[in-house]
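Here's the structure, in structure tokens; my notes come after.
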Amino acid sequence: TNLVFYFQPDVTPGQCWAFRGSQGQVVIRLPAPIQPTAVTVQHIYKDVSPSGSVSSAPRDFTVSGVQEEGDEETLLGAFTYDVEKEAIQTFPLKVEEARVGKGRAER
């Protein structure tokens with residue numbers, strides 16, 4: 001089953017869900033544990049941008065996870081979104097590390 005999040009229902013060009021400044025953080029709390037395998041990021045192409053620019057597109061980002069709130073974060077991947085490639089880009093997560101909790105590996 002794929003779990004999909006949309007941070008803003010209106011995703012037409014010029015109506016993005018943007019961060020102020022050059023950095024931001026998103027925290028997603030789920031009602032039940034999951035084992036994520038990938039994260040997908042989408043941004044519009046430059047030619048459909050109302051400003052003619054995609055300088056607000058995400059670039060370098062990391063994805064981390066925790067077993068339980070208050071636990072230390074486990075880095076699941078560090079990625080670069082490339083505006084010169086496809087608008088929708090999927091990045092595989094370190095699945096084995098996603099199962100690490102409380103300082104020990106669970107198999």
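Quick note on naming: the chains in the structure tokens go A, B, ... in the order shown, residues restart at 1 in each chain, and ligands are numbered from 1 in order of appearance.
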Checklist entry - If you count only C-alpha atoms, which residues fall within 10 Å of A:Ser49, apart from same-chain ones fewer than 5 positions away, as a PyMOL selection string? => result chain A and resi 12-14+43-44+54
File of the preceding selection, C-alpha atoms, as a PDB file, in the first residue's frame:
ATOM      1  CA  THR A  12      -1.459  24.715  -9.631  1.00  0.00           C
ATOM      2  CA  PRO A  13       1.625  26.722 -10.678  1.00  0.00           C
ATOM      3  CA  GLY A  14       2.170  29.696  -8.398  1.00  0.00           C
ATOM      4  CA  HIS A  43       7.857  20.529  -8.481  1.00  0.00           C
ATOM      5  CA  ILE A  44       6.709  22.326 -11.614  1.00  0.00           C
ATOM      6  CA  VAL A  54      11.992  27.429 -10.234  1.00  0.00           C
TER       7      VAL A  54
END
Checklist entry - Skipping near chain neighbours, those fewer than 3 positions away, what residues fall within 6 Å of stretch 63-65 of chain A using only C-alpha atoms, listed as number ranges by chain? => result A: 73-77
Next on the checklist: Which residues are close to A:Ser22, i.e. within 12 Å by only C-alpha atoms, leaving aside same-chain residues fewer than 3 positions away? Reply as a PyMOL selection string.
Outcome noted: chain A and resi 18-19+25+55-61
Go ahead and save the picked residues with N, CA, C and O atoms, as a short mmCIF file (atom, residue, chain, number, x, y, z; two decimals), in the first residue's frame.
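Heads up, here's the output in part.cif:
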data_model
loop_
_atom_site.label_atom_id
_atom_site.label_comp_id
_atom_site.auth_asym_id
_atom_site.auth_seq_id
_atom_site.Cartn_x
_atom_site.Cartn_y
_atom_site.Cartn_z
N ALA A 18 5.17 26.80 0.28
CA ALA A 18 6.58 27.18 0.33
C ALA A 18 7.06 27.46 1.75
O ALA A 18 6.28 27.82 2.63
N PHE A 19 8.37 27.30 1.94
CA PHE A 19 9.03 27.69 3.18
C PHE A 19 9.53 29.13 3.04
O PHE A 19 9.86 29.56 1.95
N GLN A 25 11.74 22.58 7.58
CA GLN A 25 11.62 21.23 8.13
C GLN A 25 10.15 20.86 8.18
O GLN A 25 9.29 21.67 8.51
N SER A 55 13.44 28.68 -8.77
CA SER A 55 14.45 28.85 -7.72
C SER A 55 13.93 28.41 -6.36
O SER A 55 14.72 28.15 -5.45
N SER A 56 12.62 28.31 -6.21
CA SER A 56 12.06 27.87 -4.92
C SER A 56 11.95 26.35 -4.82
O SER A 56 11.55 25.84 -3.78
N ALA A 57 12.33 25.63 -5.87
CA ALA A 57 12.25 24.17 -5.84
C ALA A 57 13.19 23.62 -4.77
O ALA A 57 14.25 24.19 -4.51
N PRO A 58 12.79 22.51 -4.15
CA PRO A 58 13.71 21.90 -3.17
C PRO A 58 14.98 21.44 -3.87
O PRO A 58 14.94 21.09 -5.05
N ARG A 59 16.07 21.48 -3.17
CA ARG A 59 17.33 20.99 -3.73
C ARG A 59 17.86 19.87 -2.86
O ARG A 59 17.47 18.73 -3.01
N ASP A 60 18.73 20.18 -1.95
CA ASP A 60 19.30 19.17 -1.06
C ASP A 60 18.38 18.96 0.12
O ASP A 60 17.94 19.92 0.75
N PHE A 61 18.07 17.68 0.42
CA PHE A 61 17.21 17.40 1.57
C PHE A 61 17.55 16.04 2.15
O PHE A 61 18.17 15.20 1.51
#
Next on the checklist: I'd like the interatomic distance between atom CA of A:Val26 and atom CA of A:Val48, to a tenth of an Å.
Outcome noted: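 Rounded to one decimal, the two atoms are 25.9 Å apart.
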Checklist entry - Could you state the separation of atom CA of A:Thr40 and atom CA of A:Lys94 in Å, given to one decimal place? => result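 Taking atom CA of A:Thr40 and atom CA of A:Lys94, their separation equals 14.2 Å.
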